[in-house]
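Visitor: File name run-v2.csv; file contents CSV, C-alpha atoms; full text below.
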chain,number,residue,atom,x,y,z
A,100,MET,CA,135.1,119.0,101.3
A,101,LYS,CA,134.3,115.6,99.8
A,102,LEU,CA,134.9,114.1,103.3
A,103,HIS,CA,132.4,116.6,104.8
A,104,TYR,CA,129.7,115.6,102.3
A,105,THR,CA,130.5,111.9,102.8
A,106,LEU,CA,130.1,112.3,106.6
A,107,ILE,CA,126.8,114.2,106.2
A,108,PHE,CA,125.6,111.4,103.9
A,109,LEU,CA,126.6,108.6,106.3
A,110,VAL,CA,125.1,110.3,109.3
A,111,GLY,CA,121.8,110.8,107.3
A,112,MET,CA,121.8,107.1,106.3
A,113,LEU,CA,122.4,106.0,109.8
A,114,TYR,CA,119.6,108.2,111.2
A,115,SER,CA,117.1,107.1,108.5
A,116,CYS,CA,117.9,103.4,109.2
A,117,GLN,CA,117.4,103.9,112.9
A,118,ASN,CA,114.0,105.6,112.3
A,119,GLY,CA,113.1,102.8,110.0
A,120,VAL,CA,113.6,100.2,112.7
A,121,GLU,CA,111.5,102.2,115.2
A,122,ASN,CA,108.8,102.8,112.6
A,123,THR,CA,108.8,99.1,111.6
A,124,ALA,CA,108.3,98.0,115.2
A,125,GLY,CA,105.4,100.4,115.6
A,126,ILE,CA,103.8,99.4,112.4
A,127,ASP,CA,104.3,95.7,113.2
A,128,ALA,CA,102.5,96.3,116.6
A,129,PHE,CA,99.8,98.2,114.8
A,130,GLU,CA,99.2,95.3,112.4
A,131,LYS,CA,99.0,92.8,115.2
A,132,ASN,CA,96.8,95.0,117.4
A,133,SER,CA,94.5,95.8,114.4
A,134,GLN,CA,93.5,92.1,114.5
A,135,THR,CA,92.4,92.5,118.1
A,136,VAL,CA,90.4,95.6,117.2
A,137,MET,CA,88.7,93.8,114.3
A,138,SER,CA,87.8,90.9,116.7
A,139,TYR,CA,86.4,93.4,119.1
A,140,LEU,CA,84.3,95.2,116.4
A,141,ASN,CA,83.0,92.0,114.8
A,142,GLY,CA,82.3,90.4,118.2
A,143,TYR,CA,80.4,93.5,119.4
A,144,GLN,CA,78.2,93.4,116.3
A,145,LYS,CA,77.5,89.7,116.9
A,146,GLU,CA,76.9,90.4,120.7
A,147,SER,CA,79.6,88.0,121.6
A,148,LEU,CA,82.9,89.3,123.0
A,149,ASP,CA,85.7,87.2,124.6
A,150,TYR,CA,86.7,89.9,127.1
A,151,ASP,CA,89.5,87.8,128.6
A,152,ALA,CA,91.2,87.4,125.1
A,153,LEU,CA,90.7,91.1,124.2
A,154,TYR,CA,91.2,93.1,127.4
A,155,SER,CA,94.1,93.3,129.8
A,156,GLU,CA,93.2,92.6,133.4
A,157,ASN,CA,93.6,96.2,134.3
A,158,ALA,CA,92.0,97.7,131.2
A,159,VAL,CA,89.8,100.8,131.4
A,160,MET,CA,87.6,102.7,129.1
A,161,LEU,CA,87.3,106.4,129.3
A,162,ASN,CA,83.8,107.4,130.3
A,163,THR,CA,82.8,110.0,127.7
A,164,ARG,CA,79.0,110.2,128.5
A,165,ILE,CA,77.5,113.5,129.5
A,166,GLY,CA,77.2,113.7,133.3
A,167,ALA,CA,79.4,110.7,134.0
A,168,VAL,CA,80.2,110.4,137.6
A,169,ASN,CA,83.4,108.3,137.1
A,170,ASP,CA,86.0,109.2,134.5
A,171,SER,CA,86.7,105.6,133.6
A,172,VAL,CA,84.9,102.2,133.4
A,173,THR,CA,86.5,98.8,134.3
A,174,VAL,CA,86.2,95.7,132.2
A,175,ALA,CA,83.6,94.3,134.6
A,176,GLU,CA,81.5,97.4,134.1
A,177,ILE,CA,82.0,97.3,130.4
A,178,LYS,CA,80.6,93.7,130.3
A,179,VAL,CA,77.4,94.9,132.2
A,180,MET,CA,77.0,97.9,129.9
A,181,ASP,CA,77.5,95.9,126.7
A,182,GLN,CA,74.9,93.3,127.8
A,183,ALA,CA,72.4,96.0,128.7
A,184,GLY,CA,72.9,97.6,125.3
A,185,TRP,CA,72.6,94.2,123.5
A,186,ASP,CA,69.4,93.5,125.4
A,187,LEU,CA,67.8,96.6,124.0
A,188,TYR,CA,69.3,97.2,120.6
A,189,ASP,CA,71.1,95.6,117.6
A,190,PHE,CA,74.4,97.2,116.5
A,191,GLU,CA,76.0,97.3,113.1
A,192,ILE,CA,78.8,99.2,111.5
A,193,ILE,CA,77.5,100.5,108.2
A,194,SER,CA,80.6,102.3,107.0
A,195,GLU,CA,83.9,100.9,105.8
A,196,ILE,CA,86.2,100.0,108.7
A,197,ASN,CA,89.5,101.7,108.0
A,198,LEU,CA,91.9,101.1,110.9
A,199,LEU,CA,94.6,103.8,111.4
A,200,PRO,CA,97.8,103.7,113.4
A,201,GLY,CA,98.0,105.9,116.5
A,202,VAL,CA,101.0,107.8,117.7
A,203,ASN,CA,102.7,108.3,121.0
A,204,SER,CA,101.6,111.7,122.3
A,205,VAL,CA,105.2,112.7,123.2
A,206,THR,CA,107.3,111.3,120.4
A,207,LYS,CA,104.7,111.5,117.7
A,208,LYS,CA,105.8,108.1,116.4
A,209,VAL,CA,103.6,105.1,115.6
A,210,ASP,CA,103.2,103.2,118.8
A,211,GLY,CA,101.0,100.2,118.0
A,212,SER,CA,97.8,101.9,119.1
A,213,VAL,CA,94.8,101.7,116.8
A,214,ARG,CA,92.0,104.1,115.9
A,215,TYR,CA,89.1,104.3,113.5
A,216,TYR,CA,86.2,106.5,112.5
A,217,GLY,CA,83.0,104.7,111.6
A,218,ILE,CA,79.3,104.9,111.4
A,219,TRP,CA,77.4,102.6,113.8
A,220,ARG,CA,73.7,101.9,113.2
A,221,THR,CA,71.8,101.1,116.3
A,222,THR,CA,68.3,99.5,115.8
A,223,LYS,CA,65.5,99.1,118.3
A,224,GLU,CA,63.4,96.3,117.0
A,225,ALA,CA,59.7,96.7,116.2
A,226,THR,CA,57.1,95.4,118.6
A,227,ASP,CA,53.4,94.8,118.2
A,228,SER,CA,52.7,98.4,119.1
A,229,THR,CA,55.8,100.2,117.8
A,230,GLU,CA,57.8,100.4,114.6
A,231,ALA,CA,61.5,99.8,114.5
A,232,ILE,CA,63.7,102.8,115.2
A,233,GLN,CA,67.2,103.4,113.9
A,234,SER,CA,70.0,105.8,114.8
A,235,ASP,CA,73.1,106.2,112.8
A,236,LEU,CA,76.0,107.6,114.8
A,237,ARG,CA,79.5,108.6,113.7
A,238,LEU,CA,82.1,107.4,116.2
A,239,TYR,CA,85.8,107.9,116.7
A,240,GLU,CA,87.3,105.1,118.8
A,241,SER,CA,90.9,104.4,119.8
A,242,PHE,CA,92.6,101.6,121.6
A,243,ASP,CA,95.9,101.3,123.4
A,244,PHE,CA,97.5,98.0,124.1
A,245,ASP,CA,99.7,96.4,126.8
A,246,GLU,CA,102.9,94.5,126.0
A,247,THR,CA,100.9,91.3,125.4
A,248,GLY,CA,98.7,92.8,122.8
A,249,LYS,CA,95.6,93.2,124.9
A,250,ILE,CA,93.5,96.3,125.1
A,251,ILE,CA,94.6,98.4,128.1
A,252,TYR,CA,92.8,101.7,127.3
A,253,GLN,CA,89.8,102.4,125.1
A,254,GLN,CA,87.9,105.6,124.4
A,255,PHE,CA,85.3,106.6,122.0
A,256,TYR,CA,83.6,109.9,121.0
A,257,GLY,CA,80.2,110.4,119.5
A,258,ASP,CA,76.9,111.8,120.7
A,259,LEU,CA,75.6,108.7,122.4
A,260,THR,CA,73.1,110.7,124.4
A,261,ALA,CA,71.4,112.0,121.3
A,262,SER,CA,71.4,108.5,119.8
A,263,THR,CA,69.8,107.0,122.9
A,264,ASN,CA,67.2,109.7,123.0
A,265,ILE,CA,66.2,109.0,119.4
A,266,LEU,CA,65.9,105.2,120.1
A,267,GLN,CA,63.8,105.9,123.2
A,268,GLY,CA,61.5,108.2,121.2
A,269,LYS,CA,62.5,111.4,123.1
Let's see the structure in the file written out as structure tokens.

Guide:
Amino acid sequence: MKLHYTLIFLVGMLYSCQNGVENTAGIDAFEKNSQTVMSYLNGYQKESLDYDALYSENAVMLNTRIGAVNDSVTVAEIKVMDQAGWDLYDFEIISEINLLPGVNSVTKKVDGSVRYYGIWRTTKEATDSTEAIQSDLRLYESFDFDETGKIIYQQFYGDLTASTNILQGK
């Protein structure tokens, strides 16, 4: 009987050690990729992103806008959309940035992906004839990475249409 309990204990130890190695690799990737996400978030607020350093050549962003014709957006299209937004508005994260590890949808294990929930404040500056307008929007955003640590897939969810309507005075 002692041998039986010893074997169960040893198998349990072996299994837990193997899971620890897998989890450590996922957490290590998460920590590294979190730096990339922080560079993205800080760069976006400063209206200055190094797309080549942040994004994989084949990266896409899920298009979550209402009535979107295409289901994804390329990095070239992201650059154009970002510049158009920066030309109209100022962006600032007004909540604490708490990055969280994502998990593989099949294995449910930490896989190096990064997600966060945050509140973005978008401001349309005052003009001679109008006052400044602000919209605070809660966003969920997630990032998946390629083997080199660059963003390969990005998605965000929040009511951008309502936020844009507020900023345009609709």

Visitor: Taking all atoms listed in the file into account, name the residue in A:Val168, A:Ile251, A:Val213, A:Leu266 that is nearest to Thr229 (chain A).

Guide: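 Ranking A:Val168, A:Ile251, A:Val213, A:Leu266 by distance to Thr229 (chain A), first place goes to A:Leu266.
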
Visitor: I'd like to know which of A:Leu153, A:Met160, A:Met137, A:Ala231 is closest to Lys249 (chain A), using only C-alpha atoms.

Guide: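 Answer, going by the shortest atom-to-atom distance: A:Leu153.
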
Visitor: Counting all atoms listed in the file, find residues at most 8 Å from (60.6, 105.3, 118.9) (file frame) and give them as a PyMOL selection string.

Guide: chain A and resi 223+229-232+265-269

Visitor: How about saving the chosen residues, C-alpha atoms kept, as a PDB file, in the coordinates of the input?

Guide:
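Output saved as selection.pdb:
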ATOM      1  CA  LYS A 223      65.500  99.100 118.300  1.00  0.00           C
ATOM      2  CA  THR A 229      55.800 100.200 117.800  1.00  0.00           C
ATOM      3  CA  GLU A 230      57.800 100.400 114.600  1.00  0.00           C
ATOM      4  CA  ALA A 231      61.500  99.800 114.500  1.00  0.00           C
ATOM      5  CA  ILE A 232      63.700 102.800 115.200  1.00  0.00           C
ATOM      6  CA  ILE A 265      66.200 109.000 119.400  1.00  0.00           C
ATOM      7  CA  LEU A 266      65.900 105.200 120.100  1.00  0.00           C
ATOM      8  CA  GLN A 267      63.800 105.900 123.200  1.00  0.00           C
ATOM      9  CA  GLY A 268      61.500 108.200 121.200  1.00  0.00           C
ATOM     10  CA  LYS A 269      62.500 111.400 123.100  1.00  0.00           C
TER      11      LYS A 269
END

Visitor: Show me, as an NGL selection string, the residues that have an atom within 8 Å of region 187-192 of chain A when counting all atoms listed in the file, minus same-chain residues fewer than 2 positions from it.

Guide: :A and (143-144 or 183-185 or 194-196 or 217-224)

Visitor: Between CA of Met180 (chain A) and CA of Ser138 (chain A), what is the spacing in Å?

Guide: 18.4 Å

Visitor: I'd like the box whose edges run along x, y and z of the file and which contains every listed atom of region 238-243 of chain A, padded by 6 Å per side; could you state its centre and edge lengths in Å, one decimal, as AutoDock Vina command-line options?

Guide:
--center_x 89.0 --center_y 104.6 --center_z 119.8 --size_x 25.8 --size_y 18.6 --size_z 19.2

Visitor: Take CA of Asn132 (chain A) and CA of Phe255 (chain A) and report the distance between them in Å, one decimal.

Guide: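 Separation between CA of Asn132 (chain A) and CA of Phe255 (chain A): 17.0 Å.
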
Visitor: To one decimal in Å, tell me the separation between CA of Leu198 (chain A) and CA of Val136 (chain A).

Guide: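 Result for CA of Leu198 (chain A) versus CA of Val136 (chain A): 8.5 Å, one decimal.
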